[in-house]
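Reproduced below: work-v7.pdb, with PDB, N, CA and C atoms.
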```pdb
ATOM      1  N   ASP A   1    -224.519 135.691 -95.370  1.00  0.00           N
ATOM      2  CA  ASP A   1    -224.116 134.894 -94.230  1.00  0.00           C
ATOM      3  C   ASP A   1    -224.777 133.523 -94.303  1.00  0.00           C
ATOM      4  N   LEU A   2    -223.971 132.494 -94.121  1.00  0.00           N
ATOM      5  CA  LEU A   2    -224.501 131.132 -94.116  1.00  0.00           C
ATOM      6  C   LEU A   2    -224.802 130.696 -92.693  1.00  0.00           C
ATOM      7  N   ASP A   3    -225.916 130.054 -92.532  1.00  0.00           N
ATOM      8  CA  ASP A   3    -226.305 129.474 -91.253  1.00  0.00           C
ATOM      9  C   ASP A   3    -225.358 128.311 -90.952  1.00  0.00           C
ATOM     10  N   THR A   4    -224.719 128.331 -89.793  1.00  0.00           N
ATOM     11  CA  THR A   4    -223.787 127.254 -89.454  1.00  0.00           C
ATOM     12  C   THR A   4    -224.497 125.904 -89.327  1.00  0.00           C
ATOM     13  N   GLY A   5    -225.786 125.914 -89.026  1.00  0.00           N
ATOM     14  CA  GLY A   5    -226.552 124.666 -88.980  1.00  0.00           C
ATOM     15  C   GLY A   5    -226.595 123.988 -90.342  1.00  0.00           C
ATOM     16  N   LEU A   6    -226.697 124.789 -91.396  1.00  0.00           N
ATOM     17  CA  LEU A   6    -226.672 124.236 -92.748  1.00  0.00           C
ATOM     18  C   LEU A   6    -225.307 123.631 -93.048  1.00  0.00           C
ATOM     19  N   LEU A   7    -224.257 124.314 -92.625  1.00  0.00           N
ATOM     20  CA  LEU A   7    -222.912 123.787 -92.853  1.00  0.00           C
ATOM     21  C   LEU A   7    -222.660 122.520 -92.038  1.00  0.00           C
ATOM     22  N   ARG A   8    -223.193 122.456 -90.825  1.00  0.00           N
ATOM     23  CA  ARG A   8    -223.044 121.241 -90.012  1.00  0.00           C
ATOM     24  C   ARG A   8    -223.742 120.057 -90.678  1.00  0.00           C
ATOM     25  N   ALA A   9    -224.935 120.293 -91.195  1.00  0.00           N
ATOM     26  CA  ALA A   9    -225.653 119.231 -91.902  1.00  0.00           C
ATOM     27  C   ALA A   9    -224.868 118.809 -93.145  1.00  0.00           C
ATOM     28  N   PHE A  10    -224.347 119.785 -93.892  1.00  0.00           N
ATOM     29  CA  PHE A  10    -223.545 119.483 -95.082  1.00  0.00           C
ATOM     30  C   PHE A  10    -222.335 118.635 -94.706  1.00  0.00           C
ATOM     31  N   LEU A  11    -221.593 119.053 -93.692  1.00  0.00           N
ATOM     32  CA  LEU A  11    -220.382 118.350 -93.304  1.00  0.00           C
ATOM     33  C   LEU A  11    -220.698 116.932 -92.819  1.00  0.00           C
ATOM     34  N   ALA A  12    -221.737 116.784 -92.025  1.00  0.00           N
ATOM     35  CA  ALA A  12    -222.123 115.451 -91.549  1.00  0.00           C
ATOM     36  C   ALA A  12    -222.515 114.552 -92.708  1.00  0.00           C
ATOM     37  N   LEU A  13    -223.257 115.076 -93.663  1.00  0.00           N
ATOM     38  CA  LEU A  13    -223.657 114.270 -94.813  1.00  0.00           C
ATOM     39  C   LEU A  13    -222.443 113.935 -95.681  1.00  0.00           C
ATOM     40  N   ALA A  14    -221.534 114.870 -95.834  1.00  0.00           N
ATOM     41  CA  ALA A  14    -220.318 114.611 -96.611  1.00  0.00           C
ATOM     42  C   ALA A  14    -219.484 113.511 -95.954  1.00  0.00           C
ATOM     43  N   GLU A  15    -219.493 113.445 -94.639  1.00  0.00           N
ATOM     44  CA  GLU A  15    -218.709 112.433 -93.923  1.00  0.00           C
ATOM     45  C   GLU A  15    -219.399 111.085 -93.882  1.00  0.00           C
ATOM     46  N   THR A  16    -220.715 111.064 -93.734  1.00  0.00           N
ATOM     47  CA  THR A  16    -221.430 109.788 -93.606  1.00  0.00           C
ATOM     48  C   THR A  16    -221.960 109.264 -94.934  1.00  0.00           C
ATOM     49  N   LEU A  17    -222.240 110.167 -95.858  1.00  0.00           N
ATOM     50  CA  LEU A  17    -222.875 109.825 -97.145  1.00  0.00           C
ATOM     51  C   LEU A  17    -224.173 109.055 -96.935  1.00  0.00           C
ATOM     52  N   SER A  18    -224.869 109.410 -95.857  1.00  0.00           N
ATOM     53  CA  SER A  18    -226.132 108.758 -95.511  1.00  0.00           C
ATOM     54  C   SER A  18    -227.036 109.765 -94.810  1.00  0.00           C
ATOM     55  N   PHE A  19    -228.239 109.947 -95.339  1.00  0.00           N
ATOM     56  CA  PHE A  19    -229.175 110.869 -94.714  1.00  0.00           C
ATOM     57  C   PHE A  19    -229.607 110.357 -93.341  1.00  0.00           C
ATOM     58  N   SER A  20    -229.784 109.042 -93.192  1.00  0.00           N
ATOM     59  CA  SER A  20    -230.220 108.514 -91.899  1.00  0.00           C
ATOM     60  C   SER A  20    -229.123 108.654 -90.847  1.00  0.00           C
ATOM     61  N   ARG A  21    -227.869 108.347 -91.188  1.00  0.00           N
ATOM     62  CA  ARG A  21    -226.778 108.508 -90.218  1.00  0.00           C
ATOM     63  C   ARG A  21    -226.543 109.986 -89.891  1.00  0.00           C
ATOM     64  N   THR A  22    -226.694 110.840 -90.896  1.00  0.00           N
ATOM     65  CA  THR A  22    -226.565 112.279 -90.658  1.00  0.00           C
ATOM     66  C   THR A  22    -227.647 112.753 -89.701  1.00  0.00           C
ATOM     67  N   ALA A  23    -228.873 112.306 -89.922  1.00  0.00           N
ATOM     68  CA  ALA A  23    -229.982 112.691 -89.046  1.00  0.00           C
ATOM     69  C   ALA A  23    -229.694 112.276 -87.602  1.00  0.00           C
ATOM     70  N   ASP A  24    -229.215 111.052 -87.415  1.00  0.00           N
ATOM     71  CA  ASP A  24    -228.865 110.587 -86.070  1.00  0.00           C
ATOM     72  C   ASP A  24    -227.751 111.432 -85.471  1.00  0.00           C
ATOM     73  N   ARG A  25    -226.752 111.762 -86.280  1.00  0.00           N
ATOM     74  CA  ARG A  25    -225.583 112.502 -85.789  1.00  0.00           C
ATOM     75  C   ARG A  25    -225.950 113.906 -85.328  1.00  0.00           C
ATOM     76  N   ILE A  26    -226.822 114.585 -86.099  1.00  0.00           N
ATOM     77  CA  ILE A  26    -227.123 115.979 -85.761  1.00  0.00           C
ATOM     78  C   ILE A  26    -228.455 116.144 -85.027  1.00  0.00           C
ATOM     79  N   GLY A  27    -229.138 115.030 -84.765  1.00  0.00           N
ATOM     80  CA  GLY A  27    -230.373 115.090 -83.975  1.00  0.00           C
ATOM     81  C   GLY A  27    -231.548 115.692 -84.716  1.00  0.00           C
ATOM     82  N   ARG A  28    -231.638 115.406 -85.993  1.00  0.00           N
ATOM     83  CA  ARG A  28    -232.750 115.880 -86.819  1.00  0.00           C
ATOM     84  C   ARG A  28    -233.379 114.705 -87.540  1.00  0.00           C
ATOM     85  N   SER A  29    -234.542 114.924 -88.137  1.00  0.00           N
ATOM     86  CA  SER A  29    -235.144 113.889 -88.964  1.00  0.00           C
ATOM     87  C   SER A  29    -234.469 113.872 -90.333  1.00  0.00           C
ATOM     88  N   GLN A  30    -234.643 112.767 -91.056  1.00  0.00           N
ATOM     89  CA  GLN A  30    -234.083 112.679 -92.402  1.00  0.00           C
ATOM     90  C   GLN A  30    -234.645 113.773 -93.300  1.00  0.00           C
ATOM     91  N   SER A  31    -235.931 114.046 -93.178  1.00  0.00           N
ATOM     92  CA  SER A  31    -236.537 115.079 -94.024  1.00  0.00           C
ATOM     93  C   SER A  31    -235.988 116.459 -93.686  1.00  0.00           C
ATOM     94  N   ALA A  32    -235.708 116.716 -92.409  1.00  0.00           N
ATOM     95  CA  ALA A  32    -235.125 117.999 -92.024  1.00  0.00           C
ATOM     96  C   ALA A  32    -233.719 118.146 -92.604  1.00  0.00           C
ATOM     97  N   VAL A  33    -232.938 117.069 -92.576  1.00  0.00           N
ATOM     98  CA  VAL A  33    -231.598 117.099 -93.164  1.00  0.00           C
ATOM     99  C   VAL A  33    -231.704 117.377 -94.657  1.00  0.00           C
ATOM    100  N   SER A  34    -232.605 116.691 -95.322  1.00  0.00           N
ATOM    101  CA  SER A  34    -232.800 116.895 -96.755  1.00  0.00           C
ATOM    102  C   SER A  34    -233.166 118.344 -97.059  1.00  0.00           C
ATOM    103  N   MET A  35    -234.041 118.912 -96.259  1.00  0.00           N
ATOM    104  CA  MET A  35    -234.439 120.303 -96.460  1.00  0.00           C
ATOM    105  C   MET A  35    -233.271 121.256 -96.216  1.00  0.00           C
ATOM    106  N   GLN A  36    -232.440 120.957 -95.208  1.00  0.00           N
ATOM    107  CA  GLN A  36    -231.278 121.804 -94.944  1.00  0.00           C
ATOM    108  C   GLN A  36    -230.307 121.777 -96.128  1.00  0.00           C
ATOM    109  N   ILE A  37    -230.086 120.596 -96.678  1.00  0.00           N
ATOM    110  CA  ILE A  37    -229.178 120.472 -97.823  1.00  0.00           C
ATOM    111  C   ILE A  37    -229.760 121.189 -99.034  1.00  0.00           C
ATOM    112  N   MET A  38    -231.039 121.030 -99.270  1.00  0.00           N
ATOM    113  CA  MET A  38    -231.673 121.727-100.396  1.00  0.00           C
ATOM    114  C   MET A  38    -231.584 123.243-100.214  1.00  0.00           C
ATOM    115  N   ARG A  39    -231.762 123.718 -99.001  1.00  0.00           N
ATOM    116  CA  ARG A  39    -231.657 125.158 -98.723  1.00  0.00           C
ATOM    117  C   ARG A  39    -230.242 125.654 -98.989  1.00  0.00           C
ATOM    118  N   LEU A  40    -229.245 124.920 -98.539  1.00  0.00           N
ATOM    119  CA  LEU A  40    -227.856 125.309 -98.773  1.00  0.00           C
ATOM    120  C   LEU A  40    -227.552 125.327-100.269  1.00  0.00           C
ATOM    121  N   GLU A  41    -228.027 124.323-100.992  1.00  0.00           N
ATOM    122  CA  GLU A  41    -227.821 124.285-102.440  1.00  0.00           C
ATOM    123  C   GLU A  41    -228.509 125.468-103.112  1.00  0.00           C
ATOM    124  N   GLU A  42    -229.680 125.824-102.624  1.00  0.00           N
ATOM    125  CA  GLU A  42    -230.409 126.976-103.167  1.00  0.00           C
ATOM    126  C   GLU A  42    -229.620 128.273-102.928  1.00  0.00           C
ATOM    127  N   ILE A  43    -229.111 128.442-101.730  1.00  0.00           N
ATOM    128  CA  ILE A  43    -228.348 129.644-101.388  1.00  0.00           C
ATOM    129  C   ILE A  43    -227.100 129.753-102.259  1.00  0.00           C
ATOM    130  N   LEU A  44    -226.397 128.627-102.422  1.00  0.00           N
ATOM    131  CA  LEU A  44    -225.141 128.626-103.168  1.00  0.00           C
ATOM    132  C   LEU A  44    -225.337 128.545-104.681  1.00  0.00           C
ATOM    133  N   GLY A  45    -226.528 128.141-105.097  1.00  0.00           N
ATOM    134  CA  GLY A  45    -226.823 128.065-106.524  1.00  0.00           C
ATOM    135  C   GLY A  45    -226.151 126.914-107.242  1.00  0.00           C
ATOM    136  N   CYS A  46    -225.919 125.813-106.524  1.00  0.00           N
ATOM    137  CA  CYS A  46    -225.309 124.645-107.151  1.00  0.00           C
ATOM    138  C   CYS A  46    -225.677 123.383-106.380  1.00  0.00           C
ATOM    139  N   ARG A  47    -225.521 122.253-107.047  1.00  0.00           N
ATOM    140  CA  ARG A  47    -225.747 120.959-106.395  1.00  0.00           C
ATOM    141  C   ARG A  47    -224.484 120.572-105.642  1.00  0.00           C
ATOM    142  N   LEU A  48    -224.630 120.155-104.405  1.00  0.00           N
ATOM    143  CA  LEU A  48    -223.496 119.751-103.584  1.00  0.00           C
ATOM    144  C   LEU A  48    -223.357 118.234-103.516  1.00  0.00           C
ATOM    145  N   PHE A  49    -224.456 117.535-103.771  1.00  0.00           N
ATOM    146  CA  PHE A  49    -224.473 116.068-103.728  1.00  0.00           C
ATOM    147  C   PHE A  49    -225.205 115.510-104.935  1.00  0.00           C
ATOM    148  N   ARG A  50    -224.713 114.374-105.402  1.00  0.00           N
ATOM    149  CA  ARG A  50    -225.465 113.544-106.353  1.00  0.00           C
ATOM    150  C   ARG A  50    -226.147 112.490-105.503  1.00  0.00           C
ATOM    151  N   ARG A  51    -227.423 112.301-105.698  1.00  0.00           N
ATOM    152  CA  ARG A  51    -228.120 111.326-104.882  1.00  0.00           C
ATOM    153  C   ARG A  51    -229.165 110.586-105.700  1.00  0.00           C
ATOM    154  N   ASP A  52    -229.322 109.322-105.357  1.00  0.00           N
ATOM    155  CA  ASP A  52    -230.413 108.513-105.885  1.00  0.00           C
ATOM    156  C   ASP A  52    -230.965 107.729-104.705  1.00  0.00           C
ATOM    157  N   ARG A  53    -231.755 106.747-104.958  1.00  0.00           N
ATOM    158  CA  ARG A  53    -232.394 106.024-103.849  1.00  0.00           C
ATOM    159  C   ARG A  53    -231.397 105.353-102.897  1.00  0.00           C
ATOM    160  N   ARG A  54    -230.229 104.978-103.387  1.00  0.00           N
ATOM    161  CA  ARG A  54    -229.303 104.209-102.564  1.00  0.00           C
ATOM    162  C   ARG A  54    -227.985 104.912-102.267  1.00  0.00           C
ATOM    163  N   ASN A  55    -227.599 105.876-103.094  1.00  0.00           N
ATOM    164  CA  ASN A  55    -226.261 106.447-102.979  1.00  0.00           C
ATOM    165  C   ASN A  55    -226.285 107.963-102.846  1.00  0.00           C
ATOM    166  N   VAL A  56    -225.316 108.458-102.091  1.00  0.00           N
ATOM    167  CA  VAL A  56    -225.082 109.887-101.947  1.00  0.00           C
ATOM    168  C   VAL A  56    -223.594 110.098-102.199  1.00  0.00           C
ATOM    169  N   ALA A  57    -223.254 111.077-103.035  1.00  0.00           N
ATOM    170  CA  ALA A  57    -221.853 111.381-103.324  1.00  0.00           C
ATOM    171  C   ALA A  57    -221.702 112.883-103.510  1.00  0.00           C
ATOM    172  N   LEU A  58    -220.561 113.400-103.139  1.00  0.00           N
ATOM    173  CA  LEU A  58    -220.275 114.820-103.332  1.00  0.00           C
ATOM    174  C   LEU A  58    -220.076 115.131-104.806  1.00  0.00           C
ATOM    175  N   THR A  59    -220.575 116.274-105.233  1.00  0.00           N
ATOM    176  CA  THR A  59    -220.256 116.796-106.558  1.00  0.00           C
ATOM    177  C   THR A  59    -218.922 117.540-106.458  1.00  0.00           C
ATOM    178  N   ALA A  60    -218.418 118.014-107.576  1.00  0.00           N
ATOM    179  CA  ALA A  60    -217.190 118.819-107.558  1.00  0.00           C
ATOM    180  C   ALA A  60    -217.387 120.064-106.700  1.00  0.00           C
ATOM    181  N   GLU A  61    -218.570 120.669-106.778  1.00  0.00           N
ATOM    182  CA  GLU A  61    -218.866 121.848-105.968  1.00  0.00           C
ATOM    183  C   GLU A  61    -218.906 121.501-104.480  1.00  0.00           C
ATOM    184  N   GLY A  62    -219.440 120.328-104.156  1.00  0.00           N
ATOM    185  CA  GLY A  62    -219.457 119.866-102.773  1.00  0.00           C
ATOM    186  C   GLY A  62    -218.059 119.626-102.247  1.00  0.00           C
ATOM    187  N   GLU A  63    -217.215 119.027-103.077  1.00  0.00           N
ATOM    188  CA  GLU A  63    -215.812 118.820-102.697  1.00  0.00           C
ATOM    189  C   GLU A  63    -215.129 120.157-102.421  1.00  0.00           C
ATOM    190  N   ALA A  64    -215.416 121.151-103.265  1.00  0.00           N
ATOM    191  CA  ALA A  64    -214.807 122.471-103.101  1.00  0.00           C
ATOM    192  C   ALA A  64    -215.259 123.128-101.794  1.00  0.00           C
ATOM    193  N   LEU A  65    -216.502 122.922-101.397  1.00  0.00           N
ATOM    194  CA  LEU A  65    -217.028 123.509-100.168  1.00  0.00           C
ATOM    195  C   LEU A  65    -216.524 122.799 -98.914  1.00  0.00           C
ATOM    196  N   LEU A  66    -216.160 121.547 -99.030  1.00  0.00           N
ATOM    197  CA  LEU A  66    -215.827 120.722 -97.875  1.00  0.00           C
ATOM    198  C   LEU A  66    -214.740 121.336 -96.991  1.00  0.00           C
ATOM    199  N   GLY A  67    -213.628 121.744 -97.564  1.00  0.00           N
ATOM    200  CA  GLY A  67    -212.553 122.329 -96.777  1.00  0.00           C
ATOM    201  C   GLY A  67    -212.966 123.618 -96.108  1.00  0.00           C
ATOM    202  N   ASP A  68    -213.683 124.455 -96.855  1.00  0.00           N
ATOM    203  CA  ASP A  68    -214.153 125.723 -96.285  1.00  0.00           C
ATOM    204  C   ASP A  68    -215.113 125.477 -95.128  1.00  0.00           C
ATOM    205  N   ALA A  69    -216.018 124.524 -95.288  1.00  0.00           N
ATOM    206  CA  ALA A  69    -216.985 124.215 -94.226  1.00  0.00           C
ATOM    207  C   ALA A  69    -216.259 123.751 -92.965  1.00  0.00           C
ATOM    208  N   ARG A  70    -215.253 122.909 -93.140  1.00  0.00           N
ATOM    209  CA  ARG A  70    -214.491 122.433 -91.969  1.00  0.00           C
ATOM    210  C   ARG A  70    -213.795 123.593 -91.267  1.00  0.00           C
ATOM    211  N   ARG A  71    -213.200 124.490 -92.031  1.00  0.00           N
ATOM    212  CA  ARG A  71    -212.505 125.645 -91.432  1.00  0.00           C
ATOM    213  C   ARG A  71    -213.484 126.563 -90.698  1.00  0.00           C
ATOM    214  N   ILE A  72    -214.631 126.824 -91.319  1.00  0.00           N
ATOM    215  CA  ILE A  72    -215.624 127.710 -90.715  1.00  0.00           C
ATOM    216  C   ILE A  72    -216.132 127.139 -89.391  1.00  0.00           C
ATOM    217  N   LEU A  73    -216.364 125.834 -89.363  1.00  0.00           N
ATOM    218  CA  LEU A  73    -216.937 125.212 -88.164  1.00  0.00           C
ATOM    219  C   LEU A  73    -215.896 124.877 -87.103  1.00  0.00           C
ATOM    220  N   ALA A  74    -214.620 124.965 -87.449  1.00  0.00           N
ATOM    221  CA  ALA A  74    -213.559 124.630 -86.483  1.00  0.00           C
ATOM    222  C   ALA A  74    -213.444 125.666 -85.374  1.00  0.00           C
TER     223      ALA A  74
END
```
In structure tokens, write the structure found in this file.
Amino acid sequence: DLDTGLLRAFLALAETLSFSRTADRIGRSQSAVSMQIMRLEEILGCRLFRRDRRNVALTAEGEALLGDARRILA
């Protein structure tokens, strides 16, 4: 079972592509969002985002999860 909070953080980050905007949107700190994403990636066993200091982008696995996450949270 996946925690819906992890999916909400994933979906917000996929939509904003920004840890700071995601944190504002879901009412968490940037570090908490980062930890939630890392936890989800650990559970699923794959990287969902490519990230560096300036950019965040979905991986193919993240793209595949996006539709399912939207359906689950709807």
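Take the candidates A:Arg28, A:Arg53, A:Arg47, A:Arg70 and check each one against Leu11 (chain A) using only C-alpha atoms; the shortest distance goes to A:Arg70.
The result of the PyMOL selection byres ((chain A and resi 2-9) around 6.5) on the shown file is Asp1, Phe10, Leu11, Ala12, Leu13, Ala14, Val33, Gln36, Ile37, Leu40 and Ala69 of chain A.
Put simply, atom C of Leu48 (chain A) is 20.7 Å away from atom C of Gly27 (chain A).
Relative to CA of Ile43 (chain A), atom N of Ala60 (chain A) is found at 16.5 Å.
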Output as AutoDock Vina command-line options the centre and edge lengths (Å, one decimal) of the box along x, y and z of the file that holds every listed atom of region 39-54 of chain A after adding 8 Å on each side.
```
--center_x -227.9 --center_y 117.0 --center_z -102.9 --size_x 25.0 --size_y 41.5 --size_z 24.7
```
(message) Which residues are near Ala57 (chain A)? Cut-off 8 Å, only C-alpha atoms, ignore same chain within fewer than 4 positions. Put them as a PyMOL selection string.
(response) chain A and resi 14+17+49-51
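Between CA of Gly62 (chain A) and atom N of Ser34 (chain A) lies a distance of 15.4 Å.
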(request) Mind listing the strand (DSSP E or B) residues of chain A, per DSSP on the backbone, as a ChimeraX atom specification? (result) /A:49-51,56-58
Could you tell me, as an mmCIF file with N, CA and C atoms, in the coordinates of the input, which residues of chain A DSSP assigns to helix (DSSP H, G or I) when given the backbone?
```
data_model
loop_
_atom_site.group_PDB
_atom_site.id
_atom_site.type_symbol
_atom_site.label_atom_id
_atom_site.label_comp_id
_atom_site.auth_asym_id
_atom_site.auth_seq_id
_atom_site.Cartn_x
_atom_site.Cartn_y
_atom_site.Cartn_z
ATOM 1 N N THR A 4 -224.719 128.331 -89.793
ATOM 2 C CA THR A 4 -223.787 127.254 -89.454
ATOM 3 C C THR A 4 -224.497 125.904 -89.327
ATOM 4 N N GLY A 5 -225.786 125.914 -89.026
ATOM 5 C CA GLY A 5 -226.552 124.666 -88.980
ATOM 6 C C GLY A 5 -226.595 123.988 -90.342
ATOM 7 N N LEU A 6 -226.697 124.789 -91.396
ATOM 8 C CA LEU A 6 -226.672 124.236 -92.748
ATOM 9 C C LEU A 6 -225.307 123.631 -93.048
ATOM 10 N N LEU A 7 -224.257 124.314 -92.625
ATOM 11 C CA LEU A 7 -222.912 123.787 -92.853
ATOM 12 C C LEU A 7 -222.660 122.520 -92.038
ATOM 13 N N ARG A 8 -223.193 122.456 -90.825
ATOM 14 C CA ARG A 8 -223.044 121.241 -90.012
ATOM 15 C C ARG A 8 -223.742 120.057 -90.678
ATOM 16 N N ALA A 9 -224.935 120.293 -91.195
ATOM 17 C CA ALA A 9 -225.653 119.231 -91.902
ATOM 18 C C ALA A 9 -224.868 118.809 -93.145
ATOM 19 N N PHE A 10 -224.347 119.785 -93.892
ATOM 20 C CA PHE A 10 -223.545 119.483 -95.082
ATOM 21 C C PHE A 10 -222.335 118.635 -94.706
ATOM 22 N N LEU A 11 -221.593 119.053 -93.692
ATOM 23 C CA LEU A 11 -220.382 118.350 -93.304
ATOM 24 C C LEU A 11 -220.698 116.932 -92.819
ATOM 25 N N ALA A 12 -221.737 116.784 -92.025
ATOM 26 C CA ALA A 12 -222.123 115.451 -91.549
ATOM 27 C C ALA A 12 -222.515 114.552 -92.708
ATOM 28 N N LEU A 13 -223.257 115.076 -93.663
ATOM 29 C CA LEU A 13 -223.657 114.270 -94.813
ATOM 30 C C LEU A 13 -222.443 113.935 -95.681
ATOM 31 N N ALA A 14 -221.534 114.870 -95.834
ATOM 32 C CA ALA A 14 -220.318 114.611 -96.611
ATOM 33 C C ALA A 14 -219.484 113.511 -95.954
ATOM 34 N N GLU A 15 -219.493 113.445 -94.639
ATOM 35 C CA GLU A 15 -218.709 112.433 -93.923
ATOM 36 C C GLU A 15 -219.399 111.085 -93.882
ATOM 37 N N THR A 16 -220.715 111.064 -93.734
ATOM 38 C CA THR A 16 -221.430 109.788 -93.606
ATOM 39 C C THR A 16 -221.960 109.264 -94.934
ATOM 40 N N PHE A 19 -228.239 109.947 -95.339
ATOM 41 C CA PHE A 19 -229.175 110.869 -94.714
ATOM 42 C C PHE A 19 -229.607 110.357 -93.341
ATOM 43 N N SER A 20 -229.784 109.042 -93.192
ATOM 44 C CA SER A 20 -230.220 108.514 -91.899
ATOM 45 C C SER A 20 -229.123 108.654 -90.847
ATOM 46 N N ARG A 21 -227.869 108.347 -91.188
ATOM 47 C CA ARG A 21 -226.778 108.508 -90.218
ATOM 48 C C ARG A 21 -226.543 109.986 -89.891
ATOM 49 N N THR A 22 -226.694 110.840 -90.896
ATOM 50 C CA THR A 22 -226.565 112.279 -90.658
ATOM 51 C C THR A 22 -227.647 112.753 -89.701
ATOM 52 N N ALA A 23 -228.873 112.306 -89.922
ATOM 53 C CA ALA A 23 -229.982 112.691 -89.046
ATOM 54 C C ALA A 23 -229.694 112.276 -87.602
ATOM 55 N N ASP A 24 -229.215 111.052 -87.415
ATOM 56 C CA ASP A 24 -228.865 110.587 -86.070
ATOM 57 C C ASP A 24 -227.751 111.432 -85.471
ATOM 58 N N ARG A 25 -226.752 111.762 -86.280
ATOM 59 C CA ARG A 25 -225.583 112.502 -85.789
ATOM 60 C C ARG A 25 -225.950 113.906 -85.328
ATOM 61 N N ILE A 26 -226.822 114.585 -86.099
ATOM 62 C CA ILE A 26 -227.123 115.979 -85.761
ATOM 63 C C ILE A 26 -228.455 116.144 -85.027
ATOM 64 N N GLN A 30 -234.643 112.767 -91.056
ATOM 65 C CA GLN A 30 -234.083 112.679 -92.402
ATOM 66 C C GLN A 30 -234.645 113.773 -93.300
ATOM 67 N N SER A 31 -235.931 114.046 -93.178
ATOM 68 C CA SER A 31 -236.537 115.079 -94.024
ATOM 69 C C SER A 31 -235.988 116.459 -93.686
ATOM 70 N N ALA A 32 -235.708 116.716 -92.409
ATOM 71 C CA ALA A 32 -235.125 117.999 -92.024
ATOM 72 C C ALA A 32 -233.719 118.146 -92.604
ATOM 73 N N VAL A 33 -232.938 117.069 -92.576
ATOM 74 C CA VAL A 33 -231.598 117.099 -93.164
ATOM 75 C C VAL A 33 -231.704 117.377 -94.657
ATOM 76 N N SER A 34 -232.605 116.691 -95.322
ATOM 77 C CA SER A 34 -232.800 116.895 -96.755
ATOM 78 C C SER A 34 -233.166 118.344 -97.059
ATOM 79 N N MET A 35 -234.041 118.912 -96.259
ATOM 80 C CA MET A 35 -234.439 120.303 -96.460
ATOM 81 C C MET A 35 -233.271 121.256 -96.216
ATOM 82 N N GLN A 36 -232.440 120.957 -95.208
ATOM 83 C CA GLN A 36 -231.278 121.804 -94.944
ATOM 84 C C GLN A 36 -230.307 121.777 -96.128
ATOM 85 N N ILE A 37 -230.086 120.596 -96.678
ATOM 86 C CA ILE A 37 -229.178 120.472 -97.823
ATOM 87 C C ILE A 37 -229.760 121.189 -99.034
ATOM 88 N N MET A 38 -231.039 121.030 -99.270
ATOM 89 C CA MET A 38 -231.673 121.727 -100.396
ATOM 90 C C MET A 38 -231.584 123.243 -100.214
ATOM 91 N N ARG A 39 -231.762 123.718 -99.001
ATOM 92 C CA ARG A 39 -231.657 125.158 -98.723
ATOM 93 C C ARG A 39 -230.242 125.654 -98.989
ATOM 94 N N LEU A 40 -229.245 124.920 -98.539
ATOM 95 C CA LEU A 40 -227.856 125.309 -98.773
ATOM 96 C C LEU A 40 -227.552 125.327 -100.269
ATOM 97 N N GLU A 41 -228.027 124.323 -100.992
ATOM 98 C CA GLU A 41 -227.821 124.285 -102.440
ATOM 99 C C GLU A 41 -228.509 125.468 -103.112
ATOM 100 N N GLU A 42 -229.680 125.824 -102.624
ATOM 101 C CA GLU A 42 -230.409 126.976 -103.167
ATOM 102 C C GLU A 42 -229.620 128.273 -102.928
ATOM 103 N N ILE A 43 -229.111 128.442 -101.730
ATOM 104 C CA ILE A 43 -228.348 129.644 -101.388
ATOM 105 C C ILE A 43 -227.100 129.753 -102.259
ATOM 106 N N LEU A 44 -226.397 128.627 -102.422
ATOM 107 C CA LEU A 44 -225.141 128.626 -103.168
ATOM 108 C C LEU A 44 -225.337 128.545 -104.681
ATOM 109 N N ALA A 60 -218.418 118.014 -107.576
ATOM 110 C CA ALA A 60 -217.190 118.819 -107.558
ATOM 111 C C ALA A 60 -217.387 120.064 -106.700
ATOM 112 N N GLU A 61 -218.570 120.669 -106.778
ATOM 113 C CA GLU A 61 -218.866 121.848 -105.968
ATOM 114 C C GLU A 61 -218.906 121.501 -104.480
ATOM 115 N N GLY A 62 -219.440 120.328 -104.156
ATOM 116 C CA GLY A 62 -219.457 119.866 -102.773
ATOM 117 C C GLY A 62 -218.059 119.626 -102.247
ATOM 118 N N GLU A 63 -217.215 119.027 -103.077
ATOM 119 C CA GLU A 63 -215.812 118.820 -102.697
ATOM 120 C C GLU A 63 -215.129 120.157 -102.421
ATOM 121 N N ALA A 64 -215.416 121.151 -103.265
ATOM 122 C CA ALA A 64 -214.807 122.471 -103.101
ATOM 123 C C ALA A 64 -215.259 123.128 -101.794
ATOM 124 N N LEU A 65 -216.502 122.922 -101.397
ATOM 125 C CA LEU A 65 -217.028 123.509 -100.168
ATOM 126 C C LEU A 65 -216.524 122.799 -98.914
ATOM 127 N N LEU A 66 -216.160 121.547 -99.030
ATOM 128 C CA LEU A 66 -215.827 120.722 -97.875
ATOM 129 C C LEU A 66 -214.740 121.336 -96.991
ATOM 130 N N GLY A 67 -213.628 121.744 -97.564
ATOM 131 C CA GLY A 67 -212.553 122.329 -96.777
ATOM 132 C C GLY A 67 -212.966 123.618 -96.108
ATOM 133 N N ASP A 68 -213.683 124.455 -96.855
ATOM 134 C CA ASP A 68 -214.153 125.723 -96.285
ATOM 135 C C ASP A 68 -215.113 125.477 -95.128
ATOM 136 N N ALA A 69 -216.018 124.524 -95.288
ATOM 137 C CA ALA A 69 -216.985 124.215 -94.226
ATOM 138 C C ALA A 69 -216.259 123.751 -92.965
ATOM 139 N N ARG A 70 -215.253 122.909 -93.140
ATOM 140 C CA ARG A 70 -214.491 122.433 -91.969
ATOM 141 C C ARG A 70 -213.795 123.593 -91.267
ATOM 142 N N ARG A 71 -213.200 124.490 -92.031
ATOM 143 C CA ARG A 71 -212.505 125.645 -91.432
ATOM 144 C C ARG A 71 -213.484 126.563 -90.698
ATOM 145 N N ILE A 72 -214.631 126.824 -91.319
ATOM 146 C CA ILE A 72 -215.624 127.710 -90.715
ATOM 147 C C ILE A 72 -216.132 127.139 -89.391
ATOM 148 N N LEU A 73 -216.364 125.834 -89.363
ATOM 149 C CA LEU A 73 -216.937 125.212 -88.164
ATOM 150 C C LEU A 73 -215.896 124.877 -87.103
#
```
